[in-house]
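Undergrad: Supplied structure: entry.cif, mmCIF, C-alpha atoms.
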```cif
data_entry
loop_
_atom_site.label_atom_id
_atom_site.label_comp_id
_atom_site.auth_asym_id
_atom_site.auth_seq_id
_atom_site.Cartn_x
_atom_site.Cartn_y
_atom_site.Cartn_z
CA MET A 1 77.15 91.97 143.65
CA ALA A 2 77.29 93.96 140.42
CA ARG A 3 80.31 96.24 140.14
CA VAL A 4 78.93 99.63 139.09
CA LEU A 5 81.21 102.18 137.38
CA LEU A 6 80.39 105.81 136.66
CA PHE A 7 82.27 107.83 134.03
CA GLY A 8 82.64 111.50 133.13
CA ARG A 9 80.24 113.92 134.77
CA LEU A 10 78.14 111.06 136.22
CA SER A 11 80.79 110.36 138.86
CA ASP A 12 80.84 114.08 139.74
CA VAL A 13 77.06 114.03 140.20
CA ALA A 14 77.21 110.90 142.36
CA GLY A 15 80.36 111.71 144.32
CA TRP A 16 81.73 108.22 143.63
CA ARG A 17 83.28 106.28 140.73
CA GLU A 18 82.84 102.67 141.68
CA ARG A 19 80.52 100.72 143.96
CA GLU A 20 79.23 97.19 144.48
CA ILE A 21 75.42 97.10 144.31
CA ASP A 22 73.29 93.98 144.62
CA SER A 23 70.72 93.64 141.85
CA GLY A 24 69.31 90.99 139.50
CA PHE A 25 68.28 93.31 136.69
CA LEU A 26 69.55 96.51 135.17
CA SER A 27 66.14 98.18 135.60
CA ALA A 28 66.12 97.30 139.30
CA LEU A 29 69.68 98.58 139.66
CA ARG A 30 68.69 101.92 138.12
CA ALA A 31 65.65 102.15 140.40
CA ARG A 32 67.78 101.39 143.44
CA MET A 33 70.37 104.00 142.47
CA ALA A 34 67.66 106.60 141.80
CA ALA A 35 66.03 105.88 145.15
CA ASP A 36 69.37 106.35 146.93
CA ASP A 37 70.21 109.49 144.94
CA PRO A 38 67.43 111.11 142.85
CA THR A 39 69.83 113.57 141.19
CA LEU A 40 71.98 110.68 140.03
CA GLY A 41 68.88 108.77 138.88
CA GLU A 42 67.91 111.71 136.70
CA ALA A 43 71.44 112.01 135.29
CA LEU A 44 71.54 108.29 134.43
CA ALA A 45 68.29 108.66 132.51
CA GLY A 46 69.58 111.72 130.65
CA PRO A 47 70.04 112.00 126.86
CA GLY A 48 72.94 110.08 125.38
CA VAL A 49 73.81 108.11 128.51
CA GLN A 50 74.68 104.53 127.56
CA VAL A 51 75.12 101.39 129.63
CA ALA A 52 77.75 98.71 129.11
CA LEU A 53 77.51 95.28 130.73
CA ASP A 54 80.92 93.61 130.85
CA GLN A 55 82.08 96.21 128.33
CA VAL A 56 79.30 95.57 125.79
CA ILE A 57 76.77 98.36 125.18
CA VAL A 58 73.21 97.22 125.93
CA ARG A 59 69.85 98.84 125.33
CA GLY A 60 66.78 98.26 127.46
CA ASP A 61 66.74 95.88 130.38
CA ALA A 62 69.07 92.96 131.04
CA ALA A 63 69.71 90.37 133.72
CA LEU A 64 72.82 90.86 135.83
CA ASN A 65 75.12 88.07 136.97
CA PRO A 66 76.70 88.18 140.43
CA ARG A 67 79.90 89.57 138.96
CA THR A 68 78.62 91.73 136.08
CA GLU A 69 80.46 94.98 135.52
CA VAL A 70 77.89 97.72 134.87
CA ALA A 71 79.27 100.96 133.43
CA PHE A 72 77.20 104.11 132.92
CA LEU A 73 78.71 106.16 130.08
CA PRO A 74 77.72 109.79 129.40
CA PRO A 75 77.95 111.03 125.79
CA MET A 76 81.53 110.54 124.62
CA SER A 77 83.48 113.63 123.76
CA GLY A 78 86.39 112.06 121.96
CA GLY A 79 89.95 112.90 122.95
CA MET B 1 98.04 98.66 117.68
CA ILE B 2 96.30 100.89 120.18
CA ARG B 3 97.88 102.16 123.38
CA LEU B 4 96.60 104.46 126.14
CA THR B 5 99.22 106.06 128.38
CA PHE B 6 99.31 108.34 131.42
CA GLU B 7 102.90 109.25 130.49
CA PRO B 8 104.11 111.85 127.93
CA PHE B 9 105.18 110.30 124.65
CA ASP B 10 107.56 111.37 121.87
CA PRO B 11 105.81 111.39 118.46
CA GLY B 12 109.15 111.32 116.63
CA ALA B 13 110.30 108.20 118.44
CA LEU B 14 106.95 106.51 117.74
CA LEU B 15 107.26 107.31 114.04
CA THR B 16 110.83 106.02 113.86
CA GLU B 17 109.75 102.76 115.46
CA PHE B 18 106.65 102.48 113.26
CA CYS B 19 108.74 102.85 110.09
CA ARG B 20 111.45 100.40 111.15
CA ASP B 21 111.92 97.39 108.89
CA ARG B 22 109.00 98.20 106.60
CA THR B 23 109.55 97.04 103.07
CA GLU B 24 105.99 96.34 101.96
CA VAL B 25 104.68 99.91 102.12
CA GLY B 26 105.46 103.04 100.18
CA ALA B 27 103.55 105.43 102.40
CA VAL B 28 103.34 106.31 106.09
CA ALA B 29 101.04 109.18 107.12
CA THR B 30 100.84 110.59 110.64
CA PHE B 31 98.90 113.06 112.77
CA THR B 32 99.88 114.47 116.16
CA GLY B 33 97.26 116.24 118.30
CA VAL B 34 98.64 118.73 120.80
CA ALA B 35 96.95 120.14 123.89
CA ARG B 36 96.18 123.75 123.07
CA ALA B 37 96.11 126.71 125.47
CA GLU B 38 92.98 128.81 125.03
CA ALA B 39 93.73 132.53 124.72
CA GLY B 40 96.92 132.16 126.73
CA ALA B 41 95.11 130.79 129.78
CA THR B 42 96.87 127.83 131.33
CA LYS B 43 94.32 125.05 131.41
CA ILE B 44 94.99 121.45 132.21
CA LEU B 45 93.19 118.99 129.97
CA GLU B 46 92.02 115.81 131.63
CA LEU B 47 90.96 112.78 129.62
CA GLU B 48 89.17 109.84 131.16
CA ALA B 49 88.94 106.45 129.43
CA TYR B 50 87.21 103.19 130.33
CA PRO B 51 90.17 100.78 130.47
CA GLY B 52 89.64 97.83 128.13
CA PHE B 53 86.46 99.22 126.61
CA THR B 54 88.09 102.33 125.13
CA GLU B 55 90.88 100.34 123.48
CA ALA B 56 88.40 97.76 122.16
CA GLN B 57 86.13 100.40 120.61
CA ILE B 58 89.07 102.19 118.99
CA GLY B 59 90.32 98.78 117.82
CA LYS B 60 86.98 98.13 116.06
CA THR B 61 87.26 101.43 114.21
CA ALA B 62 90.90 100.70 113.37
CA GLY B 63 89.74 97.37 111.88
CA MET B 64 87.14 99.22 109.80
CA ALA B 65 89.78 101.68 108.59
CA THR B 66 92.16 98.85 107.67
CA ALA B 67 89.49 97.16 105.57
CA ARG B 68 88.11 100.34 104.00
CA PHE B 69 91.43 101.93 103.05
CA GLY B 70 93.52 98.79 102.58
CA LEU B 71 96.00 99.77 105.28
CA ALA B 72 99.03 97.66 106.05
CA ASP B 73 99.29 98.84 109.65
CA ILE B 74 97.99 101.39 112.17
CA LEU B 75 99.45 102.82 115.37
CA ILE B 76 97.35 104.91 117.76
CA VAL B 77 98.82 106.25 121.00
CA HIS B 78 96.55 108.38 123.20
CA ARG B 79 97.22 110.17 126.46
CA VAL B 80 94.85 109.81 129.38
CA GLY B 81 94.90 111.62 132.71
CA GLN B 82 96.08 115.20 133.07
CA ILE B 83 97.82 116.85 130.12
CA ALA B 84 99.49 120.29 130.03
CA PRO B 85 99.24 122.73 127.07
CA GLY B 86 101.84 121.93 124.44
CA GLU B 87 102.01 118.23 125.22
CA PRO B 88 101.11 115.70 122.52
CA VAL B 89 97.73 114.13 123.25
CA VAL B 90 97.29 111.69 120.38
CA PHE B 91 99.50 110.16 117.71
CA VAL B 92 98.11 108.27 114.71
CA ALA B 93 100.26 106.60 112.05
CA THR B 94 98.97 104.65 109.07
CA ALA B 95 100.97 102.58 106.62
CA ALA B 96 99.79 101.66 103.12
CA ARG B 97 101.26 100.80 99.75
CA HIS B 98 100.37 104.26 98.42
CA ARG B 99 99.90 107.70 99.92
CA ARG B 100 96.20 108.30 99.16
CA GLU B 101 95.11 105.40 101.40
CA ALA B 102 97.56 106.33 104.14
CA PHE B 103 96.37 109.98 104.23
CA GLU B 104 92.68 109.08 104.14
CA GLY B 105 93.00 106.34 106.75
CA CYS B 106 94.74 108.75 109.11
CA ASP B 107 92.14 111.49 108.48
CA PHE B 108 89.26 109.06 109.05
CA LEU B 109 90.76 107.75 112.30
CA MET B 110 91.29 111.27 113.65
CA ASP B 111 87.68 112.26 112.86
CA TYR B 112 86.53 109.22 114.84
CA LEU B 113 88.92 109.85 117.74
CA LYS B 114 87.80 113.47 118.05
CA SER B 115 84.07 112.77 118.08
CA LYS B 116 83.05 109.21 118.99
CA ALA B 117 85.93 107.53 120.78
CA PRO B 118 85.13 106.61 124.40
CA PHE B 119 86.89 109.44 126.19
CA TRP B 120 85.45 112.02 128.51
CA LYS B 121 87.17 115.37 128.49
CA LYS B 122 87.49 117.82 131.34
CA GLU B 123 89.19 121.18 131.32
CA HIS B 124 90.73 122.57 134.54
CA GLY B 125 90.96 126.36 134.47
CA PRO B 126 91.26 129.27 136.91
CA ASP B 127 87.48 129.22 137.47
CA GLY B 128 87.30 125.49 138.16
CA ALA B 129 86.73 122.41 136.02
CA ARG B 130 84.15 121.73 133.31
CA TRP B 131 83.29 118.78 131.10
CA ILE B 132 83.66 119.39 127.35
CA GLU B 133 81.18 118.24 124.71
CA PRO B 134 82.33 117.46 121.14
CA ARG B 135 82.17 120.36 118.65
CA ALA B 136 79.58 120.33 115.89
CA GLN B 137 82.53 120.45 113.47
CA ASP B 138 83.86 117.13 114.81
CA HIS B 139 80.52 115.44 114.14
CA ALA B 140 80.29 116.99 110.66
CA ASP B 141 83.86 115.83 109.94
CA LEU B 142 82.93 112.26 110.82
CA GLN B 143 79.75 112.35 108.70
CA ARG B 144 81.62 113.25 105.52
CA TRP B 145 83.06 109.71 105.47
CA ASP B 146 79.50 108.40 105.15
CA LYS B 147 78.77 110.65 102.15
CA GLU B 148 81.90 109.45 100.39
CA THR B 149 80.63 105.89 100.29
CA SER B 150 77.28 106.86 98.71
CA PRO B 151 76.97 105.84 95.03
#
```
Re-express the file's structure as structure tokens.
TA:
Amino acid sequence: MARVLLFGRLSDVAGWREREIDSGFLSALRARMAADDPTLGEALAGPGVQVALDQVIVRGDAALNPRTEVAFLPPMSGG
Amino acid sequence: MIRLTFEPFDPGALLTEFCRDRTEVGAVATFTGVARAEAGATKILELEAYPGFTEAQIGKTAGMATARFGLADILIVHRVGQIAPGEPVVFVATAARHRREAFEGCDFLMDYLKSKAPFWKKEHGPDGARWIEPRAQDHADLQRWDKETSP
């Protein structure tokens, strides 16, 4: 089960910060999340939203291990 | 060294500790960022970080600054969570043999921390809460470090 984390405004859109979601690929995970919550799906696909797998930014698709941590990061604002 | 904290910190105490037992440097420069009230309205600033990831990303930039400016040491302490106006939010100290490198290293690190560091900022005011985007000035400030390396 991938551990999915949402940061910034993404967790406001979703109404949750952390969930376990079963998925073998990042693309499938996105599709599953969008199917469950279309507004969230749109937000995740928005400009500047990045994805980190086990705290490493990735682009495009990637395979997920059973214990991968998947974090969706909206554009960073600095502190 | 990079530290995130939910607790208020004392910039003076951090500086005293940072300077202790230093004999190899002639210069220590610092910056303290303070949460600012907008037009007298009491707003709570809230900063969210991604534990582990945020420190690692800041650490990479600190490594770049060390190499680029020849710094002897860096300390960055950053609040996370809810912060009241007037409270210190960020403290940066840089140590170098001479002052030019210490000043520039500190300036560079602050430009990064204000525009690209992995924080997400929310402001709680009387009308509710809103997420804050970086200012165009913060991005322009960071870009000037690129120009300075052009031949």
Undergrad: To one decimal in Å, tell me the separation between atom CA of A:Val4 and atom CA of B:Leu47.
TA: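 According to the coordinates, atom CA of A:Val4 and atom CA of B:Leu47 are separated by 20.2 Å.
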Undergrad: Carefully work through the PyMOL selection byres ((chain A) within 10 of (chain B)) for this structure and note down the residues it includes, as a PDB file with C-alpha atoms, in the coordinates of the input.
TA:
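Resulting contents of part19.pdb:
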```pdb
ATOM      1  CA  LEU A   5      81.210 102.180 137.380  1.00  0.00           C
ATOM      2  CA  LEU A   6      80.390 105.810 136.660  1.00  0.00           C
ATOM      3  CA  PHE A   7      82.270 107.830 134.030  1.00  0.00           C
ATOM      4  CA  GLY A   8      82.640 111.500 133.130  1.00  0.00           C
ATOM      5  CA  ARG A   9      80.240 113.920 134.770  1.00  0.00           C
ATOM      6  CA  ALA A  52      77.750  98.710 129.110  1.00  0.00           C
ATOM      7  CA  ASP A  54      80.920  93.610 130.850  1.00  0.00           C
ATOM      8  CA  GLN A  55      82.080  96.210 128.330  1.00  0.00           C
ATOM      9  CA  VAL A  56      79.300  95.570 125.790  1.00  0.00           C
ATOM     10  CA  ILE A  57      76.770  98.360 125.180  1.00  0.00           C
ATOM     11  CA  ALA A  71      79.270 100.960 133.430  1.00  0.00           C
ATOM     12  CA  LEU A  73      78.710 106.160 130.080  1.00  0.00           C
ATOM     13  CA  PRO A  74      77.720 109.790 129.400  1.00  0.00           C
ATOM     14  CA  PRO A  75      77.950 111.030 125.790  1.00  0.00           C
ATOM     15  CA  MET A  76      81.530 110.540 124.620  1.00  0.00           C
ATOM     16  CA  SER A  77      83.480 113.630 123.760  1.00  0.00           C
ATOM     17  CA  GLY A  78      86.390 112.060 121.960  1.00  0.00           C
ATOM     18  CA  GLY A  79      89.950 112.900 122.950  1.00  0.00           C
TER      19      GLY A  79
END
```
Undergrad: Once you count all atoms listed in the file, which residues end up no further than 6 Å from (101.8, 104.5, 112.4) in the file's frame, shown as a compact mmCIF listing (two decimals) with C-alpha atoms, in the frame of the given file?
TA:
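Listing of selection10.txt after writing:
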```txt
# COMPACT_ATOMS: atom_id res chain seq x y z
CA PHE B 18 106.65 102.48 113.26
CA ILE B 74 97.99 101.39 112.17
CA LEU B 75 99.45 102.82 115.37
CA VAL B 92 98.11 108.27 114.71
CA ALA B 93 100.26 106.60 112.05
CA THR B 94 98.97 104.65 109.07
```
Undergrad: Identify all residues satisfying the PyMOL selection byres ((chain B and resi 15) around 10) in the given file; provide them as a PyMOL selection string.
TA: chain B and resi 10-14+16-20+28-30+75+91-93
Undergrad: Could you list, as a ChimeraX atom specification, every residue matched by the PyMOL selection byres ((chain A and resi 14) around 12) in this structure?
TA: /A:4-13,15-19,33-34,36-44,72
Undergrad: Kindly export the residues of the current selection with C-alpha atoms, as a short mmCIF file (atom, residue, chain, number, x, y, z; two decimals), in the frame of the given file.
TA:
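Result file is again.cif:
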```
data_model
loop_
_atom_site.label_atom_id
_atom_site.label_comp_id
_atom_site.auth_asym_id
_atom_site.auth_seq_id
_atom_site.Cartn_x
_atom_site.Cartn_y
_atom_site.Cartn_z
CA VAL A 4 78.93 99.63 139.09
CA LEU A 5 81.21 102.18 137.38
CA LEU A 6 80.39 105.81 136.66
CA PHE A 7 82.27 107.83 134.03
CA GLY A 8 82.64 111.50 133.13
CA ARG A 9 80.24 113.92 134.77
CA LEU A 10 78.14 111.06 136.22
CA SER A 11 80.79 110.36 138.86
CA ASP A 12 80.84 114.08 139.74
CA VAL A 13 77.06 114.03 140.20
CA GLY A 15 80.36 111.71 144.32
CA TRP A 16 81.73 108.22 143.63
CA ARG A 17 83.28 106.28 140.73
CA GLU A 18 82.84 102.67 141.68
CA ARG A 19 80.52 100.72 143.96
CA MET A 33 70.37 104.00 142.47
CA ALA A 34 67.66 106.60 141.80
CA ASP A 36 69.37 106.35 146.93
CA ASP A 37 70.21 109.49 144.94
CA PRO A 38 67.43 111.11 142.85
CA THR A 39 69.83 113.57 141.19
CA LEU A 40 71.98 110.68 140.03
CA GLY A 41 68.88 108.77 138.88
CA GLU A 42 67.91 111.71 136.70
CA ALA A 43 71.44 112.01 135.29
CA LEU A 44 71.54 108.29 134.43
CA PHE A 72 77.20 104.11 132.92
#
```
Undergrad: May I have the residues within 8 Å of B:Ala27 as a list in words, using all atoms listed in the file and disregarding those fewer than 5 positions away in the same chain?
TA: Ala95, Ala96, Arg97, His98, Arg99 and Ala102 of chain B
Undergrad: Would you mind exporting C-alpha atoms of the selected residues as a PDB file, in the coordinates of the input?
TA:
```
ATOM      1  CA  ALA B  95     100.970 102.580 106.620  1.00  0.00           C
ATOM      2  CA  ALA B  96      99.790 101.660 103.120  1.00  0.00           C
ATOM      3  CA  ARG B  97     101.260 100.800  99.750  1.00  0.00           C
ATOM      4  CA  HIS B  98     100.370 104.260  98.420  1.00  0.00           C
ATOM      5  CA  ARG B  99      99.900 107.700  99.920  1.00  0.00           C
ATOM      6  CA  ALA B 102      97.560 106.330 104.140  1.00  0.00           C
TER       7      ALA B 102
END
```
Undergrad: Show which residues sit within 12 Å of A:Thr68, as a PDB file with C-alpha atoms, keeping the file's coordinate frame. Count all atoms listed in the file, and ignore same-chain residues fewer than 4 positions away.
TA:
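As written to disk, result_11.pdb reads:
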```pdb
ATOM      1  CA  MET A   1      77.150  91.970 143.650  1.00  0.00           C
ATOM      2  CA  ALA A   2      77.290  93.960 140.420  1.00  0.00           C
ATOM      3  CA  ARG A   3      80.310  96.240 140.140  1.00  0.00           C
ATOM      4  CA  VAL A   4      78.930  99.630 139.090  1.00  0.00           C
ATOM      5  CA  LEU A   5      81.210 102.180 137.380  1.00  0.00           C
ATOM      6  CA  GLU A  20      79.230  97.190 144.480  1.00  0.00           C
ATOM      7  CA  ILE A  21      75.420  97.100 144.310  1.00  0.00           C
ATOM      8  CA  ASP A  22      73.290  93.980 144.620  1.00  0.00           C
ATOM      9  CA  SER A  23      70.720  93.640 141.850  1.00  0.00           C
ATOM     10  CA  GLY A  24      69.310  90.990 139.500  1.00  0.00           C
ATOM     11  CA  PHE A  25      68.280  93.310 136.690  1.00  0.00           C
ATOM     12  CA  LEU A  26      69.550  96.510 135.170  1.00  0.00           C
ATOM     13  CA  LEU A  29      69.680  98.580 139.660  1.00  0.00           C
ATOM     14  CA  ALA A  52      77.750  98.710 129.110  1.00  0.00           C
ATOM     15  CA  LEU A  53      77.510  95.280 130.730  1.00  0.00           C
ATOM     16  CA  ASP A  54      80.920  93.610 130.850  1.00  0.00           C
ATOM     17  CA  GLN A  55      82.080  96.210 128.330  1.00  0.00           C
ATOM     18  CA  VAL A  56      79.300  95.570 125.790  1.00  0.00           C
ATOM     19  CA  ALA A  62      69.070  92.960 131.040  1.00  0.00           C
ATOM     20  CA  ALA A  63      69.710  90.370 133.720  1.00  0.00           C
ATOM     21  CA  LEU A  64      72.820  90.860 135.830  1.00  0.00           C
TER      22      LEU A  64
END
```
Undergrad: In Å, with one decimal, what is the gap from atom CA of A:Val58 to atom CA of B:Gly63?
TA: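 Interatomic distance, atom CA of A:Val58 to atom CA of B:Gly63: 21.7 Å.
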Undergrad: If you measure from atom CA of B:Met64 to atom CA of B:Glu24, what distance in Å do you get, rounded to one decimal?
TA: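 Atom CA of B:Glu24 lies 20.6 Å from atom CA of B:Met64.
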Undergrad: Here is a test: counting all atoms listed in the file, which residue of B:Cys106, B:Ala84, B:Ala129, B:Leu4 is nearest to B:Val34?
TA: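 Among the listed residues, the smallest separation from B:Val34 belongs to B:Ala84.
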Undergrad: Around the point (72.1, 104.0, 121.6) in the file's coordinates, collect all residues with an atom within 8 Å, using only C-alpha atoms, and return them as a list in words.
TA: Gly48, Gln50 and Arg59 of chain A
